[in-house]
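Shown here: target.pdb, PDB, C-alpha atoms.
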ATOM      1  CA  MET A   1      70.823 114.290  90.621
ATOM      2  CA  VAL A   2      74.107 113.897  92.534
ATOM      3  CA  THR A   3      75.119 117.020  94.428
ATOM      4  CA  THR A   4      78.006 119.051  93.032
ATOM      5  CA  GLU A   5      78.753 120.800  96.309
ATOM      6  CA  TYR A   6      81.248 118.422  97.910
ATOM      7  CA  SER A   7      84.288 120.307  99.184
ATOM      8  CA  ILE A   8      87.826 119.372  98.172
ATOM      9  CA  GLU A   9      88.355 117.788 101.582
ATOM     10  CA  GLU A  10      85.163 115.760 101.264
ATOM     11  CA  LEU A  11      86.175 114.591  97.805
ATOM     12  CA  GLU A  12      89.590 113.533  99.091
ATOM     13  CA  ARG A  13      87.858 111.539 101.797
ATOM     14  CA  LYS A  14      85.550 109.978  99.211
ATOM     15  CA  ALA A  15      88.568 108.898  97.179
ATOM     16  CA  ASN A  16      90.020 107.023 100.147
ATOM     17  CA  ILE A  17      86.653 105.437 100.900
ATOM     18  CA  LEU A  18      86.650 104.174  97.304
ATOM     19  CA  ARG A  19      90.168 102.831  97.779
ATOM     20  CA  LEU A  20      89.082 101.004 100.916
ATOM     21  CA  ASP A  21      86.144  99.479  99.045
ATOM     22  CA  VAL A  22      88.499  98.306  96.292
ATOM     23  CA  ILE A  23      90.786  96.578  98.791
ATOM     24  CA  GLU A  24      87.861  94.893 100.542
ATOM     25  CA  ALA A  25      86.229  93.727  97.314
ATOM     26  CA  THR A  26      89.351  92.404  95.597
ATOM     27  CA  SER A  27      90.605  90.751  98.791
ATOM     28  CA  GLU A  28      87.258  89.026  99.272
ATOM     29  CA  ALA A  29      87.343  87.873  95.655
ATOM     30  CA  LYS A  30      91.031  86.912  95.950
ATOM     31  CA  SER A  31      91.461  88.351  92.457
ATOM     32  CA  GLY A  32      91.043  91.549  90.527
ATOM     33  CA  HIS A  33      93.056  94.619  89.605
ATOM     34  CA  PRO A  34      93.673  96.869  92.613
ATOM     35  CA  GLY A  35      96.768  98.797  91.446
ATOM     36  CA  GLY A  36      95.180 100.825  88.663
ATOM     37  CA  SER A  37      91.952 101.132  90.632
ATOM     38  CA  LEU A  38      93.787 102.901  93.447
ATOM     39  CA  SER A  39      95.677 105.230  91.099
ATOM     40  CA  SER A  40      92.431 106.466  89.520
ATOM     41  CA  ALA A  41      90.415 106.830  92.733
ATOM     42  CA  ASP A  42      90.884 110.593  93.011
ATOM     43  CA  LEU A  43      89.554 111.145  89.503
ATOM     44  CA  MET A  44      86.576 108.864  90.118
ATOM     45  CA  ALA A  45      85.652 110.713  93.306
ATOM     46  CA  ALA A  46      85.856 114.031  91.469
ATOM     47  CA  LEU A  47      83.743 112.836  88.537
ATOM     48  CA  PHE A  48      80.997 111.018  90.417
ATOM     49  CA  PHE A  49      80.620 113.458  93.286
ATOM     50  CA  ARG A  50      81.241 116.845  91.724
ATOM     51  CA  VAL A  51      81.892 117.012  87.996
ATOM     52  CA  MET A  52      79.422 114.713  86.238
ATOM     53  CA  ARG A  53      75.707 115.233  85.809
ATOM     54  CA  HIS A  54      74.000 111.940  86.685
ATOM     55  CA  ASP A  55      71.175 110.510  88.756
ATOM     56  CA  PRO A  56      71.485 107.160  90.607
ATOM     57  CA  THR A  57      67.686 107.003  90.914
ATOM     58  CA  ASP A  58      67.372 107.226  87.127
ATOM     59  CA  PRO A  59      70.452 105.572  85.562
ATOM     60  CA  MET A  60      69.090 105.928  82.020
ATOM     61  CA  TRP A  61      68.204 109.635  82.330
ATOM     62  CA  GLU A  62      68.654 110.948  78.782
ATOM     63  CA  ASP A  63      70.459 114.153  79.767
ATOM     64  CA  ARG A  64      73.048 112.450  81.999
ATOM     65  CA  ASP A  65      76.751 112.709  81.334
ATOM     66  CA  ARG A  66      78.275 109.387  80.275
ATOM     67  CA  PHE A  67      81.348 107.732  81.795
ATOM     68  CA  ILE A  68      83.195 105.082  79.802
ATOM     69  CA  LEU A  69      85.788 102.968  81.623
ATOM     70  CA  SER A  70      88.058 102.040  78.737
ATOM     71  CA  LYS A  71      90.520 100.200  80.973
ATOM     72  CA  GLY A  72      87.795  97.807  82.009
ATOM     73  CA  HIS A  73      90.034  95.671  84.214
ATOM     74  CA  VAL A  74      89.846  98.357  86.925
ATOM     75  CA  ALA A  75      86.145  97.628  87.288
ATOM     76  CA  PRO A  76      86.534  97.559  91.116
ATOM     77  CA  ILE A  77      86.966 101.350  91.248
ATOM     78  CA  LEU A  78      83.969 101.868  88.952
ATOM     79  CA  TYR A  79      81.820  99.554  91.062
ATOM     80  CA  ALA A  80      82.971 101.274  94.252
ATOM     81  CA  SER A  81      82.076 104.677  92.771
ATOM     82  CA  LEU A  82      78.644 103.538  91.615
ATOM     83  CA  ALA A  83      77.862 101.926  94.971
ATOM     84  CA  GLU A  84      79.035 104.971  96.933
ATOM     85  CA  ALA A  85      76.879 107.174  94.701
ATOM     86  CA  GLY A  86      73.833 104.991  95.375
ATOM     87  CA  TYR A  87      73.370 102.976  92.178
ATOM     88  CA  PHE A  88      73.303  99.699  94.141
ATOM     89  CA  PRO A  89      73.909  98.558  97.757
ATOM     90  CA  LYS A  90      77.511  98.764  98.935
ATOM     91  CA  GLU A  91      77.364  95.258 100.393
ATOM     92  CA  ASP A  92      77.120  93.973  96.816
ATOM     93  CA  LEU A  93      80.774  94.948  96.345
ATOM     94  CA  LEU A  94      81.772  91.852  98.293
ATOM     95  CA  THR A  95      80.256  89.697  95.546
ATOM     96  CA  LEU A  96      82.904  90.875  93.071
ATOM     97  CA  ARG A  97      83.865  88.137  90.587
ATOM     98  CA  LYS A  98      81.668  85.545  92.286
ATOM     99  CA  ILE A  99      79.415  83.212  90.318
ATOM    100  CA  GLY A 100      75.964  84.723  89.913
ATOM    101  CA  SER A 101      77.107  88.263  90.759
ATOM    102  CA  CYS A 102      76.523  91.092  88.305
ATOM    103  CA  LEU A 103      79.865  92.543  89.406
ATOM    104  CA  GLN A 104      82.171  90.581  87.171
ATOM    105  CA  GLY A 105      85.860  91.212  86.486
ATOM    106  CA  HIS A 106      85.006  93.617  83.672
ATOM    107  CA  PRO A 107      81.926  95.854  83.535
ATOM    108  CA  VAL A 108      78.910  94.679  81.534
ATOM    109  CA  ARG A 109      76.274  97.085  80.247
ATOM    110  CA  GLY A 110      72.758  96.018  81.224
ATOM    111  CA  LYS A 111      73.949  94.059  84.255
ATOM    112  CA  VAL A 112      75.076  96.888  86.542
ATOM    113  CA  PRO A 113      73.150 100.169  86.927
ATOM    114  CA  GLY A 114      75.351 103.055  85.805
ATOM    115  CA  VAL A 115      77.635 100.999  83.554
ATOM    116  CA  GLU A 116      77.411 102.642  80.144
ATOM    117  CA  MET A 117      79.472 100.208  78.088
ATOM    118  CA  SER A 118      80.908  96.692  78.311
ATOM    119  CA  THR A 119      84.682  97.082  78.277
ATOM    120  CA  GLY A 120      87.793  95.031  78.842
ATOM    121  CA  SER A 121      89.407  94.599  75.439
ATOM    122  CA  LEU A 122      91.937  97.394  75.745
ATOM    123  CA  GLY A 123      91.879 100.152  73.157
ATOM    124  CA  GLN A 124      88.163 100.130  72.408
ATOM    125  CA  GLY A 125      86.698 102.460  75.018
ATOM    126  CA  LEU A 126      87.750 105.707  73.376
ATOM    127  CA  SER A 127      86.149 104.621  70.095
ATOM    128  CA  MET A 128      82.908 103.913  71.943
ATOM    129  CA  ALA A 129      83.129 107.289  73.671
ATOM    130  CA  CYS A 130      83.621 108.989  70.287
ATOM    131  CA  GLY A 131      80.496 107.370  68.888
ATOM    132  CA  ILE A 132      78.409 108.391  71.885
ATOM    133  CA  ALA A 133      79.806 111.937  71.775
ATOM    134  CA  LEU A 134      79.028 112.294  68.061
ATOM    135  CA  ALA A 135      75.505 110.942  68.568
ATOM    136  CA  GLY A 136      74.961 113.456  71.360
ATOM    137  CA  LYS A 137      76.016 116.349  69.133
ATOM    138  CA  MET A 138      73.811 115.103  66.287
ATOM    139  CA  ASP A 139      70.858 114.899  68.686
ATOM    140  CA  GLY A 140      71.516 118.398  70.018
ATOM    141  CA  ARG A 141      72.228 117.160  73.550
ATOM    142  CA  ASP A 142      74.426 119.106  75.939
ATOM    143  CA  HIS A 143      75.743 116.172  77.925
ATOM    144  CA  ARG A 144      79.440 115.293  78.054
ATOM    145  CA  ILE A 145      81.274 112.022  77.618
ATOM    146  CA  PHE A 146      84.087 111.190  80.030
ATOM    147  CA  CYS A 147      86.460 108.345  79.184
ATOM    148  CA  LEU A 148      89.211 106.905  81.398
ATOM    149  CA  LEU A 149      92.131 105.202  79.669
ATOM    150  CA  GLY A 150      95.153 103.404  81.028
ATOM    151  CA  ASP A 151      98.558 104.505  79.781
ATOM    152  CA  GLY A 152      99.616 100.984  78.764
ATOM    153  CA  GLU A 153      96.359 100.798  76.846
ATOM    154  CA  LEU A 154      97.582 103.589  74.577
ATOM    155  CA  GLN A 155      99.963 101.093  73.024
ATOM    156  CA  SER A 156      96.878  99.852  71.125
ATOM    157  CA  GLY A 157      96.572 101.548  67.750
ATOM    158  CA  GLN A 158      92.790 101.834  67.785
ATOM    159  CA  ASN A 159      93.084 104.656  70.325
ATOM    160  CA  TRP A 160      94.853 106.823  67.780
ATOM    161  CA  GLU A 161      92.236 106.131  65.133
ATOM    162  CA  ALA A 162      89.669 107.298  67.669
ATOM    163  CA  ALA A 163      91.789 110.356  68.441
ATOM    164  CA  MET A 164      91.744 111.306  64.728
ATOM    165  CA  PHE A 165      87.991 110.749  64.589
ATOM    166  CA  ALA A 166      87.336 112.952  67.640
ATOM    167  CA  HIS A 167      89.319 115.837  66.197
ATOM    168  CA  HIS A 168      87.800 115.462  62.722
ATOM    169  CA  TYR A 169      84.274 115.701  64.109
ATOM    170  CA  HIS A 170      85.112 118.456  66.617
ATOM    171  CA  LEU A 171      83.966 116.446  69.624
ATOM    172  CA  ASN A 172      84.431 119.170  72.222
ATOM    173  CA  ASN A 173      81.900 117.300  74.392
ATOM    174  CA  LEU A 174      84.443 114.492  74.850
ATOM    175  CA  ILE A 175      86.940 114.558  77.732
ATOM    176  CA  ALA A 176      89.472 111.736  77.994
ATOM    177  CA  PHE A 177      91.662 111.009  81.002
ATOM    178  CA  VAL A 178      94.913 109.044  80.913
ATOM    179  CA  ASP A 179      95.923 107.344  84.164
ATOM    180  CA  ARG A 180      99.657 107.860  83.628
ATOM    181  CA  ASN A 181     101.021 105.628  86.400
ATOM    182  CA  ARG A 182     103.736 104.296  84.048
ATOM    183  CA  LEU A 183     103.225 100.663  85.027
ATOM    184  CA  GLN A 184     101.448  97.798  83.289
ATOM    185  CA  ILE A 185     101.221  94.084  84.000
ATOM    186  CA  THR A 186     104.791  93.395  82.832
ATOM    187  CA  GLY A 187     106.395  96.443  84.441
ATOM    188  CA  ASP A 188     107.377  99.879  83.123
ATOM    189  CA  THR A 189     105.289 101.082  80.170
ATOM    190  CA  GLU A 190     108.359 102.609  78.570
ATOM    191  CA  ASN A 191     110.103  99.255  78.482
ATOM    192  CA  ALA A 192     107.103  97.505  76.925
ATOM    193  CA  MET A 193     106.438 100.172  74.268
ATOM    194  CA  SER A 194     107.454 103.747  74.963
ATOM    195  CA  LEU A 195     104.710 106.375  75.001
ATOM    196  CA  ASP A 196     106.698 109.529  75.633
ATOM    197  CA  PRO A 197     106.441 112.288  74.612
ATOM    198  CA  LEU A 198     102.773 111.531  75.327
ATOM    199  CA  PRO A 199     101.417 115.107  75.464
ATOM    200  CA  ASP A 200     102.968 115.887  72.062
ATOM    201  CA  LYS A 201     101.294 112.847  70.520
ATOM    202  CA  TRP A 202      97.845 114.030  71.617
ATOM    203  CA  ARG A 203      98.537 117.582  70.441
ATOM    204  CA  ALA A 204      99.599 116.219  67.055
ATOM    205  CA  PHE A 205      96.172 114.580  66.776
ATOM    206  CA  GLY A 206      94.485 117.929  67.393
ATOM    207  CA  TRP A 207      93.477 117.542  71.039
ATOM    208  CA  ASN A 208      93.587 120.086  73.825
ATOM    209  CA  VAL A 209      96.055 118.729  76.394
ATOM    210  CA  ILE A 210      96.002 119.358  80.130
ATOM    211  CA  ILE A 211      98.622 117.812  82.420
ATOM    212  CA  VAL A 212      97.874 117.407  86.129
ATOM    213  CA  ASP A 213      98.941 115.669  89.292
ATOM    214  CA  GLY A 214      96.355 112.903  89.279
ATOM    215  CA  HIS A 215      96.260 112.877  93.077
ATOM    216  CA  SER A 216      95.592 116.600  93.439
ATOM    217  CA  MET A 217      91.852 117.057  93.755
ATOM    218  CA  VAL A 218      92.209 120.776  93.098
ATOM    219  CA  GLN A 219      94.065 120.197  89.828
ATOM    220  CA  ILE A 220      91.581 117.542  88.689
ATOM    221  CA  ILE A 221      88.594 119.813  89.349
ATOM    222  CA  GLU A 222      90.253 122.753  87.615
ATOM    223  CA  ALA A 223      91.167 120.604  84.600
ATOM    224  CA  CYS A 224      87.575 119.390  84.244
ATOM    225  CA  ALA A 225      86.275 122.949  84.409
ATOM    226  CA  LYS A 226      88.728 124.050  81.722
ATOM    227  CA  ALA A 227      87.906 121.051  79.517
ATOM    228  CA  LYS A 228      84.202 121.853  79.682
ATOM    229  CA  LYS A 229      84.929 125.235  78.093
ATOM    230  CA  ALA A 230      86.520 123.719  74.964
ATOM    231  CA  GLU A 231      84.896 125.291  71.909
ATOM    232  CA  THR A 232      85.920 122.986  69.065
ATOM    233  CA  ASN A 233      88.389 120.240  69.956
ATOM    234  CA  PRO A 234      88.263 117.270  72.337
ATOM    235  CA  THR A 235      90.364 117.448  75.504
ATOM    236  CA  VAL A 236      92.654 114.912  77.124
ATOM    237  CA  VAL A 237      93.740 115.242  80.747
ATOM    238  CA  ILE A 238      97.007 113.399  81.354
ATOM    239  CA  MET A 239      97.140 112.529  85.035
ATOM    240  CA  ASN A 240     100.540 111.744  86.509
ATOM    241  CA  THR A 241      99.678 109.126  89.127
ATOM    242  CA  ILE A 242     101.126 106.424  91.362
ATOM    243  CA  LYS A 243      99.967 102.872  90.816
ATOM    244  CA  GLY A 244      98.584 101.487  94.083
ATOM    245  CA  LYS A 245      98.231 105.004  95.519
ATOM    246  CA  GLY A 246      97.249 105.090  99.187
ATOM    247  CA  VAL A 247      98.677 101.743 100.273
ATOM    248  CA  SER A 248     102.403 101.912 101.056
ATOM    249  CA  PHE A 249     103.470  98.450  99.911
ATOM    250  CA  MET A 250     101.391  98.628  96.731
ATOM    251  CA  GLU A 251     102.613 102.023  95.519
ATOM    252  CA  ASN A 252     104.723 101.845  92.350
ATOM    253  CA  ASN A 253     104.600  98.038  92.536
ATOM    254  CA  TYR A 254     103.539  96.541  89.216
ATOM    255  CA  GLU A 255     102.928  93.151  90.870
ATOM    256  CA  TYR A 256      99.627  94.536  92.204
ATOM    257  CA  HIS A 257      98.399  95.351  88.701
ATOM    258  CA  GLY A 258      96.321  92.176  88.771
ATOM    259  CA  LYS A 259      96.917  90.651  92.206
ATOM    260  CA  ALA A 260      94.694  91.004  95.253
ATOM    261  CA  CYS A 261      96.006  91.399  98.794
ATOM    262  CA  LYS A 262      96.426  88.359 100.975
ATOM    263  CA  ASP A 263      94.766  88.431 104.399
ATOM    264  CA  ILE A 264      97.693  90.009 106.280
ATOM    265  CA  GLU A 265      98.263  92.495 103.462
ATOM    266  CA  ARG A 266      94.558  93.338 103.380
ATOM    267  CA  ASP A 267      94.545  94.167 107.085
ATOM    268  CA  LYS A 268      97.578  96.430 106.710
ATOM    269  CA  ALA A 269      96.123  98.161 103.658
ATOM    270  CA  MET A 270      92.787  98.734 105.353
ATOM    271  CA  LYS A 271      94.439 100.208 108.445
ATOM    272  CA  GLU A 272      96.401 102.661 106.320
ATOM    273  CA  LEU A 273      93.309 103.748 104.427
ATOM    274  CA  GLU A 274      91.091 103.913 107.501
ATOM    275  CA  TYR A 275      93.664 106.222 109.087
ATOM    276  CA  LYS A 276      93.508 108.515 106.035
ATOM    277  CA  ILE A 277      89.706 108.485 106.085
TER     278      ILE A 277
END

Have the structure of the file written as C-alpha cells, please.
Amino acid sequence: MVTTEYSIEELERKANILRLDVIEATSEAKSGHPGGSLSSADLMAALFFRVMRHDPTDPMWEDRDRFILSKGHVAPILYASLAEAGYFPKEDLLTLRKIGSCLQGHPVRGKVPGVEMSTGSLGQGLSMACGIALAGKMDGRDHRIFCLLGDGELQSGQNWEAAMFAHHYHLNNLIAFVDRNRLQITGDTENAMSLDPLPDKWRAFGWNVIIVDGHSMVQIIEACAKAKKAETNPTVVIMNTIKGKGVSFMENNYEYHGKACKDIERDKAMKELEYKI
C-alpha cells in the first residue's frame, strides 16, 4: 500500500514532478489538455501519495479507495500520478495519445492499471462515483470514493441530479473536488454559464462544503481529513486554483485548456518546473 508519510514539502515536490510529466507527455503527443492538468496537480499529489488507500501492486484490491476523474480530458495528470505511484513505467507517459498506446486522450477502464472508470463525457463522473459509493455502503465496505470535477463541467445538469442522489442516500463516503480555475475552453466560466455562488449551490443540495486554496498542500490535506469525518452527508471541496499553474506563460491562459506546448515553449516550461523541483 502507498505510504501516507510524505511530508508537505515532499508532496509539493511530487506535484511539480507530475506537472513536469504532463508537459513532457502532452508536448511529445503534440496534443492534450495541460491547463487543467496543471491546476489539479497539487490535489493529485495529495491524494495518491498521502490521502488515498491504494496499492499499485494490486490495482483491484477490494478495500482500496476509488478515484474517479470526472473531467476525463485531464487524463495526463491522472496518468502521471499513476506512473509516479508505480502502476506502470513512467516511460509509457511518452506514448500518450499515440496509436496502440493504452494512454489515450481520455482514461479507459481495463486498459490502464488504476483507472477506475472510463470518463470524458462531462457531467457523468459524479453519477458514477455516487453509484460506487452507494454500493460500498451496501456491501459494508469502509473505503472512500474521491471524484475530481472541473468547474465548467458543473454547467452540465446531470451533476446536480447526482448531488441530490448523494445527499438522499447519505453518501458520507463520497468526497468531491471542484477544480475552480474559472476557465474553460472558450474562456471565463462565468461568461459561458455563471456558476457563482457555487458554495451556496452545493449547500442547497445538502452537501458539506469546504473551500480551500487548491495550491496549498496544507489546506488540501486538512480538508481531506475533515471530509473523512463526515457522519451523514457527502462533502465537496471547492479548490480555488490557477489554470496552467506552475508554468508562467500558461497560468490563467485559457488557450492552453486543450493545446500542448510547442518545442520552444516546452523547453521554457520544463526549465521553470525543474527549478521548482

Tell me, in Å to one decimal, how far CA of Val22 in chain A is from CA of Ser121 in chain A.
21.2 Å

Starting from the displayed file, determine the output of the PyMOL selection byres ((chain A and resi 191-203) around 10) and express the residue list as a ChimeraX atom specification.
/A:151-152,154-155,160,163-164,178,180,182-190,204-211,235-238

Which residues are close to Asn16 in chain A, i.e. within 8 Å by only C-alpha atoms, leaving aside same-chain residues fewer than 6 positions away? Reply as a short mmCIF file (atom, residue, chain, number, x, y, z; two decimals) with C-alpha atoms, keeping the file's coordinate frame.
data_model
loop_
_atom_site.label_atom_id
_atom_site.label_comp_id
_atom_site.auth_asym_id
_atom_site.auth_seq_id
_atom_site.Cartn_x
_atom_site.Cartn_y
_atom_site.Cartn_z
CA ALA A 41 90.42 106.83 92.73
CA GLY A 246 97.25 105.09 99.19
CA LEU A 273 93.31 103.75 104.43
CA LYS A 276 93.51 108.52 106.04
CA ILE A 277 89.71 108.48 106.08
#

As a PyMOL selection string, please: the residues near Glu91 in chain A (cut-off 12 Å, only C-alpha atoms, same-chain neighbours under 5 positions excluded).
chain A and resi 21+24-25+28+79-80+83-84+86+96+101+103

Which value, in Å to one decimal, gives the distance between CA of Cys261 in chain A and CA of Pro34 in chain A?
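Result for CA of Cys261 in chain A versus CA of Pro34 in chain A: 8.6 Å, one decimal.
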
Find the spatial neighbours of His143 in chain A, counting all atoms listed in the file, within a cut-off of 9 Å - ignore same-chain residues fewer than 3 positions away - and output them as number ranges by chain.
A: 53, 62-66, 133, 136-137, 173

Any chance you can output those residues with C-alpha atoms as a PDB file, in the frame of the given file?
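Dumped everything to result18.pdb:
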ATOM      1  CA  ARG A  53      75.707 115.233  85.809  1.00  0.00           C
ATOM      2  CA  GLU A  62      68.654 110.948  78.782  1.00  0.00           C
ATOM      3  CA  ASP A  63      70.459 114.153  79.767  1.00  0.00           C
ATOM      4  CA  ARG A  64      73.048 112.450  81.999  1.00  0.00           C
ATOM      5  CA  ASP A  65      76.751 112.709  81.334  1.00  0.00           C
ATOM      6  CA  ARG A  66      78.275 109.387  80.275  1.00  0.00           C
ATOM      7  CA  ALA A 133      79.806 111.937  71.775  1.00  0.00           C
ATOM      8  CA  GLY A 136      74.961 113.456  71.360  1.00  0.00           C
ATOM      9  CA  LYS A 137      76.016 116.349  69.133  1.00  0.00           C
ATOM     10  CA  ASN A 173      81.900 117.300  74.392  1.00  0.00           C
TER      11      ASN A 173
END

To one decimal place in Å, what is the distance between CA of Asn253 in chain A and CA of Gly35 in chain A?
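Value for the CA of Asn253 in chain A-CA of Gly35 in chain A distance: 7.9 Å.
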
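Residue nearest Pro76 in chain A, chosen from A:Ala260, A:Lys245, A:Glu116, A:Gln124 and counting all atoms listed in the file: A:Ala260.
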
For Leu149 in chain A, which residue out of A:His73, A:His167, A:His215, A:Lys226 is the nearest one, using only C-alpha atoms?
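Smallest distance to Leu149 in chain A is found for A:His73.
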
Nearest-residue call for Ser40 in chain A, choices A:Lys228, A:Lys243, A:Arg141, A:Lys271, using all atoms listed in the file:
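Using all atoms listed in the file, the shortest distance to Ser40 in chain A belongs to A:Lys243.
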
Assuming 4 Å of padding per side, give the centre and edge lengths of the axis-aligned box around every listed atom of range 60-68 of chain A, in Å to one decimal and as lines of an AutoDock Vina configuration file.
center_x = 75.7
center_y = 109.6
center_z = 80.6
size_x = 23.0
size_y = 17.1
size_z = 11.5

To test your reading of the syntax: which residues would the PyMOL selection byres ((chain A and resi 87) around 9) return for the file shown? Reply as number ranges by chain.
A: 55-59, 81-86, 88-90, 112-114
